Protein chains: 4
Amino acid sequence: MSGTAAGTGGTGGGRRTGRPRSAAADRAILHATRAALVDLGWGGLTMGEVAARAGVAKTTVYRRWPTKSELVLDAVAALLDEELELPDLGSLRADVECVVQRFAALIDRPEAKTALMAVVAESTRDAALRQRVRQAIVAPQKRLVVLGRHRALERGELTEGPGDPGATVDLIFDVIAGAVIHRLLVSGEPVDGEWARRFTTVLLDGLVATASPGAGHRPEEHR
Amino acid sequence: MSGTAAGTGGTGGGRRTGRPRSAAADRAILHATRAALVDLGWGGLTMGEVAARAGVAKTTVYRRWPTKSELVLDAVAALLDEELELPDLGSLRADVECVVQRFAALIDRPEAKTALMAVVAESTRDAALRQRVRQAIVAPQKRLVVLGRHRALERGELTEGPGDPGATVDLIFDVIAGAVIHRLLVSGEPVDGEWARRFTTVLLDGLVATASPGAGHRPEEHR
Amino acid sequence: MSGTAAGTGGTGGGRRTGRPRSAAADRAILHATRAALVDLGWGGLTMGEVAARAGVAKTTVYRRWPTKSELVLDAVAALLDEELELPDLGSLRADVECVVQRFAALIDRPEAKTALMAVVAESTRDAALRQRVRQAIVAPQKRLVVLGRHRALERGELTEGPGDPGATVDLIFDVIAGAVIHRLLVSGEPVDGEWARRFTTVLLDGLVATASPGAGHRPEEHR
Amino acid sequence: MSGTAAGTGGTGGGRRTGRPRSAAADRAILHATRAALVDLGWGGLTMGEVAARAGVAKTTVYRRWPTKSELVLDAVAALLDEELELPDLGSLRADVECVVQRFAALIDRPEAKTALMAVVAESTRDAALRQRVRQAIVAPQKRLVVLGRHRALERGELTEGPGDPGATVDLIFDVIAGAVIHRLLVSGEPVDGEWARRFTTVLLDGLVATASPGAGHRPEEHR
DNA sequence: ATATAATCGAGACGGTACGTCCGGTCTTGCT
DNA sequence: AGCAAGACCGGACGTACCGTCTCGATTATAT
């Protein structure tokens, strides 16, 4: 669970009496939100439409999520919230390729694509929303990078290196996530095995080694 | 000139009768759009508001740009349309760092940030818009990568390498642009000299060399 | 009460859930409509203007009256809806003169004049509207004719005569109302006591008797 | 010809030079106006629509008729402008019945109905328009009454009677025209031979004679 | 058992913006 | 000059959602 502030239970600690909020409504609303996003896109999504699809009154939606951004954020977060396992494939190269493909698969779903970018766009003007995006979406994904790096360090494929380890992880995540997102959403090209392999090579070995004399074979040496 | 389909003259070759469209109106509208974007953001941007700021009737805006997306796209494209010069700094490393910083400076302006992401979000549901985004915004930037690579090849810092050169340029652009965008808009951290240097190192030398024993000095060897 | 279909409560018997419609809004809207009609005329009357004057949202007006015609109809009907009493003046001649003057006074008000004709004009293309005009405006006035005729029959000034009594009442009403309306709105002349007297003479005694040898004195005989 | 101010020739005396106005355009515009009135009604009638139907530019319409009212007025006047002949049927009664039926036939055409009432409605707020309505539409019709009266005087069916003859004609016309219009447009019933006969009886003989003991035979005495 | 209290559905409410249409005016180039 | 074409400003159109509110009707827990 991404455990956001909204949702069943409302104000949290307080209330003891009265009719409790329906957990079924929560689920129906989030589900309806994702479905509506696919059909209508961010701009076409309305609170009223969500309520109608969820078979719920508009007030019931507003009681839980005061804004469209927060609603969509939670709807998408729930989507990315599956257990993020990273199978140990034995080598840093294989692990990276796997992360790339998984992340691409995650993003490249109709209900995630639009929603993610729209929430990011919205977050450029709303600090609180930006904070929640990082917490609910970015952080969980970043754990995969931390995990992969940890394994590589244990295997001896990488060393601690100089400087702040956190900054290094951040950098790597920016590169991986950024490249995948840009490829998919801006360039509009698929992230297939071929691209994942070539990207991984550049990331691990660098542009110089990759596109230099004798570079073509280097990748094979690692297999 | 980004020379998009919209704007004065309409369909281009065609019309020769009737009162011609005012070129001044075009300029006023695009300027008003950028100003309104900064003040109000994508969601708050209104065709009516743009018209009012431009001192123009709403119909005059709609006659030229039928949708908000197209209007904003052209407004932003005009913004990114300054002559993109890449000074020859003597080394691939310096050139890359320069491109990174320039691109970051371009993106990290209030009128560009929100608009870009919103247009990208919108383009996930509109193939025609996606096409125009690539044409008007992505393609010009990509030329810098082509130019830098050309210089590096001449200097002997890179070789042609195997495979399609176009694919290679695409990959590199996805990595650079993606990382910068992700850093700025998702991670919400600044792209300063320090980050640009570290990113460039990873890109050129690879993660393994960078974060391995003795990696810290490698960059110096290239200078 | 003319009790038209529109107004508070909607379809009448039906709805029992949701927030009930405000009766105050109904009154404010109808009042604003009449006021706006006087100031702006039919052509200048705007749903938005009515809403603004009534201190009400445009949607609140549309929710009750979907078209300008229906709104104006109800506004005018309410105006003509005062209790229509016909004092017994003792003779058919006096009664007719009274009805003529009353009807003229009713029509010859700024808020009624334009509205009535405009609604009639509109009704030439809209059967449903025509039906409502007859129900809400014509029928009540016609009762005066029925009443006057009834008294004259009791006094022995008239007899049942041949043919359908309904058709006779209709004919008389067409003559009285038509003449008054035509005098006021088309000829543009006032309906004063003099005219009412002369019209009544023609109606009761006929053109031949009125404009024939010795006709000039006949009216006096009835006084 | 109803000879209104508008139409070909424009400012009247003045202009000598330049391209003369096209008479064909005048005809096309008036014809298009009538056609559009039938199809769309007063409210739906548009200067632009008229221009389009007439195959003429909007400016060409405005150059001749500055307002919708004046355009429609002329279009309708042209319609009622046929030579108004009143065949001498030998008796006042037959003449009146004939006038009633003719007038009803004139009014009861789709292109005349709506237009007439709409112009009248508009004229309640526009003195100049009211003046032109009387000149172009009312006056010609009134001549029939004058003519019929003249014949009846010659035949000895009527005498000059007391008072102003003009006022008498006005009164008679208000009664005839008003009754027919009211019957057709407000009551929504047809003006057939039966109604014309009954109306004529009331008009000539009066209500008292018509609906009194022995009244039923009176009409026959005049035949 | 019965209050108490919050939730639920429904839908009206005051607003704001939408994208379209028309009214009238004005350029522009052709006749 | 007139004319066709069509852009221009302004303003109303009727609709859609917004987020809030008032209802009556349900459910829970807390007496």
# chains A, B, ... in the order shown; residues from 1 in each chain; ligands from 1
$ closest_atom_pairs --of "chain A" --to "chain F" --cutoff "7 Å" --atoms "only C-alpha atoms (C1' of nucleotides)" --output "tab-separated table"
residue	atom	partner	partner_atom	distance
A:Thr17	CA	F:DT29	C1'	5.1
A:Gly18	CA	F:DA28	C1'	5.5
A:Arg19	CA	F:DA28	C1'	4.5
A:Pro20	CA	F:DA28	C1'	6.6
$ write_last_selection --atoms "N, CA and C atoms" --output "short mmCIF file (atom, residue, chain, number, x, y, z; two decimals), in the first residue's frame"
data_model
loop_
_atom_site.label_atom_id
_atom_site.label_comp_id
_atom_site.auth_asym_id
_atom_site.auth_seq_id
_atom_site.Cartn_x
_atom_site.Cartn_y
_atom_site.Cartn_z
N THR A 17 -17.67 7.67 16.25
CA THR A 17 -19.08 7.33 16.06
C THR A 17 -19.54 7.64 14.63
N GLY A 18 -20.78 7.40 14.37
CA GLY A 18 -21.32 7.67 13.04
C GLY A 18 -21.07 6.54 12.07
N ARG A 19 -21.68 6.67 10.91
CA ARG A 19 -21.55 5.63 9.90
C ARG A 19 -20.16 5.66 9.29
N PRO A 20 -19.48 4.55 9.26
CA PRO A 20 -18.12 4.54 8.72
C PRO A 20 -18.14 4.62 7.20
#
$ closest_atom_pairs --of "chain E" --to "chain A" --cutoff "8 Å" --atoms "only C-alpha atoms (C1' of nucleotides)" --output "Markdown table"
| residue | atom | partner | partner_atom | distance |
| --- | --- | --- | --- | --- |
| E:DT4 | C1' | A:Gly18 | CA | 7.8 |
| E:DA5 | C1' | A:Gly18 | CA | 4.5 |
| E:DA6 | C1' | A:Gly18 | CA | 4.1 |
| E:DT7 | C1' | A:Arg19 | CA | 5.5 |
| E:DC8 | C1' | A:Thr60 | CA | 7.5 |
| E:DG9 | C1' | A:Ala57 | CA | 6.1 |
| E:DA10 | C1' | A:Ala57 | CA | 7.5 |
$ write_last_selection --atoms "C-alpha atoms (C1' of nucleotides)" --output "PDB file, in the first residue's frame"
ATOM      1  C1'  DT E   4     -26.361  10.482  18.216  1.00  0.00           C
ATOM      2  C1'  DA E   5     -23.666  11.266  14.397  1.00  0.00           C
ATOM      3  C1'  DA E   6     -21.499  10.619  10.253  1.00  0.00           C
ATOM      4  C1'  DT E   7     -22.153   8.742   5.447  1.00  0.00           C
ATOM      5  C1'  DC E   8     -24.828   7.984   1.473  1.00  0.00           C
ATOM      6  C1'  DG E   9     -27.845   9.094  -2.913  1.00  0.00           C
ATOM      7  C1'  DA E  10     -29.580  12.769  -5.257  1.00  0.00           C
TER       8       DA E  10
END
$ interface_residues --of "chain B" --to "chain A" --cutoff "6 Å" --atoms "only C-alpha atoms" --output "number ranges by chain"
B: 114, 117-118, 121, 124, 158-159, 161, 174-175, 178-179, 182-183, 203-208, 211-212
$ atom_distance --atom1 "CA of Arg197 (chain C)" --atom2 "CA of Ile107 (chain C)"
18.4 Å
$ decode --residues "region 192-207 of chain B" --atoms "all heavy atoms" --output "mmCIF file, in the first residue's frame"
data_model
loop_
_atom_site.group_PDB
_atom_site.id
_atom_site.type_symbol
_atom_site.label_atom_id
_atom_site.label_comp_id
_atom_site.auth_asym_id
_atom_site.auth_seq_id
_atom_site.Cartn_x
_atom_site.Cartn_y
_atom_site.Cartn_z
ATOM 1 N N ASP B 192 22.941 21.635 -11.853
ATOM 2 C CA ASP B 192 24.054 22.581 -11.689
ATOM 3 C C ASP B 192 25.316 22.000 -12.320
ATOM 4 O O ASP B 192 25.311 20.887 -12.871
ATOM 5 C CB ASP B 192 24.268 22.899 -10.210
ATOM 6 C CG ASP B 192 24.352 21.631 -9.374
ATOM 7 O OD1 ASP B 192 24.585 20.547 -9.971
ATOM 8 O OD2 ASP B 192 24.189 21.697 -8.153
ATOM 9 N N GLY B 193 26.396 22.736 -12.221
ATOM 10 C CA GLY B 193 27.661 22.294 -12.827
ATOM 11 C C GLY B 193 28.099 20.943 -12.282
ATOM 12 O O GLY B 193 28.541 20.061 -13.030
ATOM 13 N N GLU B 194 27.959 20.779 -10.994
ATOM 14 C CA GLU B 194 28.356 19.541 -10.344
ATOM 15 C C GLU B 194 27.611 18.336 -10.938
ATOM 16 O O GLU B 194 28.229 17.330 -11.320
ATOM 17 C CB GLU B 194 28.029 19.669 -8.840
ATOM 18 C CG GLU B 194 28.026 18.377 -8.043
ATOM 19 C CD GLU B 194 29.417 17.770 -7.905
ATOM 20 O OE1 GLU B 194 30.405 18.483 -8.230
ATOM 21 O OE2 GLU B 194 29.513 16.607 -7.507
ATOM 22 N N TRP B 195 26.322 18.452 -11.048
ATOM 23 C CA TRP B 195 25.533 17.337 -11.574
ATOM 24 C C TRP B 195 25.872 17.097 -13.048
ATOM 25 O O TRP B 195 26.009 15.956 -13.484
ATOM 26 C CB TRP B 195 24.035 17.630 -11.429
ATOM 27 C CG TRP B 195 23.177 16.428 -11.751
ATOM 28 C CD1 TRP B 195 22.832 15.422 -10.911
ATOM 29 C CD2 TRP B 195 22.603 16.108 -13.030
ATOM 30 N NE1 TRP B 195 22.066 14.491 -11.567
ATOM 31 C CE2 TRP B 195 21.900 14.886 -12.879
ATOM 32 C CE3 TRP B 195 22.601 16.722 -14.285
ATOM 33 C CZ2 TRP B 195 21.216 14.269 -13.919
ATOM 34 C CZ3 TRP B 195 21.911 16.117 -15.327
ATOM 35 C CH2 TRP B 195 21.226 14.900 -15.151
ATOM 36 N N ALA B 196 26.005 18.187 -13.788
ATOM 37 C CA ALA B 196 26.319 18.051 -15.208
ATOM 38 C C ALA B 196 27.636 17.289 -15.381
ATOM 39 O O ALA B 196 27.761 16.419 -16.246
ATOM 40 C CB ALA B 196 26.421 19.430 -15.863
ATOM 41 N N ARG B 197 28.615 17.589 -14.535
ATOM 42 C CA ARG B 197 29.916 16.931 -14.631
ATOM 43 C C ARG B 197 29.796 15.436 -14.325
ATOM 44 O O ARG B 197 30.295 14.585 -15.066
ATOM 45 C CB ARG B 197 30.884 17.592 -13.638
ATOM 46 C CG ARG B 197 32.373 17.395 -13.982
ATOM 47 C CD ARG B 197 33.245 18.145 -13.015
ATOM 48 N NE ARG B 197 32.947 17.871 -11.607
ATOM 49 C CZ ARG B 197 33.220 16.714 -10.995
ATOM 50 N NH1 ARG B 197 33.784 15.732 -11.652
ATOM 51 N NH2 ARG B 197 32.893 16.558 -9.727
ATOM 52 N N ARG B 198 29.069 15.140 -13.259
ATOM 53 C CA ARG B 198 28.937 13.738 -12.866
ATOM 54 C C ARG B 198 28.131 12.951 -13.905
ATOM 55 O O ARG B 198 28.479 11.816 -14.246
ATOM 56 C CB ARG B 198 28.287 13.638 -11.489
ATOM 57 C CG ARG B 198 29.221 14.155 -10.380
ATOM 58 C CD ARG B 198 28.537 14.150 -9.024
ATOM 59 N NE ARG B 198 27.932 12.868 -8.730
ATOM 60 C CZ ARG B 198 26.668 12.708 -8.367
ATOM 61 N NH1 ARG B 198 25.881 13.751 -8.246
ATOM 62 N NH2 ARG B 198 26.194 11.498 -8.138
ATOM 63 N N PHE B 199 27.091 13.573 -14.415
ATOM 64 C CA PHE B 199 26.296 12.898 -15.439
ATOM 65 C C PHE B 199 27.139 12.624 -16.682
ATOM 66 O O PHE B 199 27.112 11.520 -17.256
ATOM 67 C CB PHE B 199 25.077 13.753 -15.822
ATOM 68 C CG PHE B 199 24.376 13.269 -17.059
ATOM 69 C CD1 PHE B 199 23.565 12.142 -17.037
ATOM 70 C CD2 PHE B 199 24.559 13.933 -18.273
ATOM 71 C CE1 PHE B 199 22.936 11.694 -18.186
ATOM 72 C CE2 PHE B 199 23.933 13.481 -19.426
ATOM 73 C CZ PHE B 199 23.111 12.364 -19.388
ATOM 74 N N THR B 200 27.911 13.628 -17.087
ATOM 75 C CA THR B 200 28.739 13.476 -18.279
ATOM 76 C C THR B 200 29.745 12.332 -18.104
ATOM 77 O O THR B 200 29.980 11.542 -19.030
ATOM 78 C CB THR B 200 29.479 14.793 -18.575
ATOM 79 O OG1 THR B 200 28.517 15.837 -18.702
ATOM 80 C CG2 THR B 200 30.284 14.678 -19.857
ATOM 81 N N THR B 201 30.295 12.248 -16.933
ATOM 82 C CA THR B 201 31.243 11.170 -16.661
ATOM 83 C C THR B 201 30.596 9.802 -16.847
ATOM 84 O O THR B 201 31.150 8.914 -17.496
ATOM 85 C CB THR B 201 31.786 11.293 -15.221
ATOM 86 O OG1 THR B 201 32.436 12.556 -15.087
ATOM 87 C CG2 THR B 201 32.764 10.175 -14.926
ATOM 88 N N VAL B 202 29.417 9.647 -16.264
ATOM 89 C CA VAL B 202 28.725 8.364 -16.416
ATOM 90 C C VAL B 202 28.429 8.094 -17.888
ATOM 91 O O VAL B 202 28.630 6.994 -18.397
ATOM 92 C CB VAL B 202 27.434 8.336 -15.577
ATOM 93 C CG1 VAL B 202 26.588 7.124 -15.943
ATOM 94 C CG2 VAL B 202 27.767 8.325 -14.095
ATOM 95 N N LEU B 203 27.940 9.119 -18.561
ATOM 96 C CA LEU B 203 27.552 8.918 -19.954
ATOM 97 C C LEU B 203 28.749 8.510 -20.810
ATOM 98 O O LEU B 203 28.662 7.599 -21.634
ATOM 99 C CB LEU B 203 26.945 10.205 -20.515
ATOM 100 C CG LEU B 203 26.585 10.169 -22.008
ATOM 101 C CD1 LEU B 203 25.541 9.108 -22.290
ATOM 102 C CD2 LEU B 203 26.100 11.536 -22.489
ATOM 103 N N LEU B 204 29.873 9.174 -20.592
ATOM 104 C CA LEU B 204 31.033 8.900 -21.450
ATOM 105 C C LEU B 204 31.803 7.660 -21.026
ATOM 106 O O LEU B 204 32.232 6.863 -21.863
ATOM 107 C CB LEU B 204 31.975 10.116 -21.451
ATOM 108 C CG LEU B 204 31.399 11.398 -22.077
ATOM 109 C CD1 LEU B 204 32.492 12.457 -22.180
ATOM 110 C CD2 LEU B 204 30.807 11.114 -23.444
ATOM 111 N N ASP B 205 31.980 7.498 -19.724
ATOM 112 C CA ASP B 205 32.860 6.422 -19.255
ATOM 113 C C ASP B 205 32.109 5.195 -18.769
ATOM 114 O O ASP B 205 32.685 4.122 -18.615
ATOM 115 C CB ASP B 205 33.736 6.949 -18.117
ATOM 116 C CG ASP B 205 34.578 8.131 -18.576
ATOM 117 O OD1 ASP B 205 34.929 8.166 -19.778
ATOM 118 O OD2 ASP B 205 34.852 9.017 -17.757
ATOM 119 N N GLY B 206 30.840 5.363 -18.492
ATOM 120 C CA GLY B 206 30.063 4.230 -18.029
ATOM 121 C C GLY B 206 30.086 4.100 -16.523
ATOM 122 O O GLY B 206 30.981 4.610 -15.828
ATOM 123 N N LEU B 207 29.081 3.397 -16.032
ATOM 124 C CA LEU B 207 28.903 3.252 -14.603
ATOM 125 C C LEU B 207 30.015 2.399 -14.003
ATOM 126 O O LEU B 207 30.513 2.682 -12.904
ATOM 127 C CB LEU B 207 27.546 2.579 -14.354
ATOM 128 C CG LEU B 207 26.890 2.842 -13.019
ATOM 129 C CD1 LEU B 207 26.787 4.321 -12.772
ATOM 130 C CD2 LEU B 207 25.534 2.178 -13.006
#
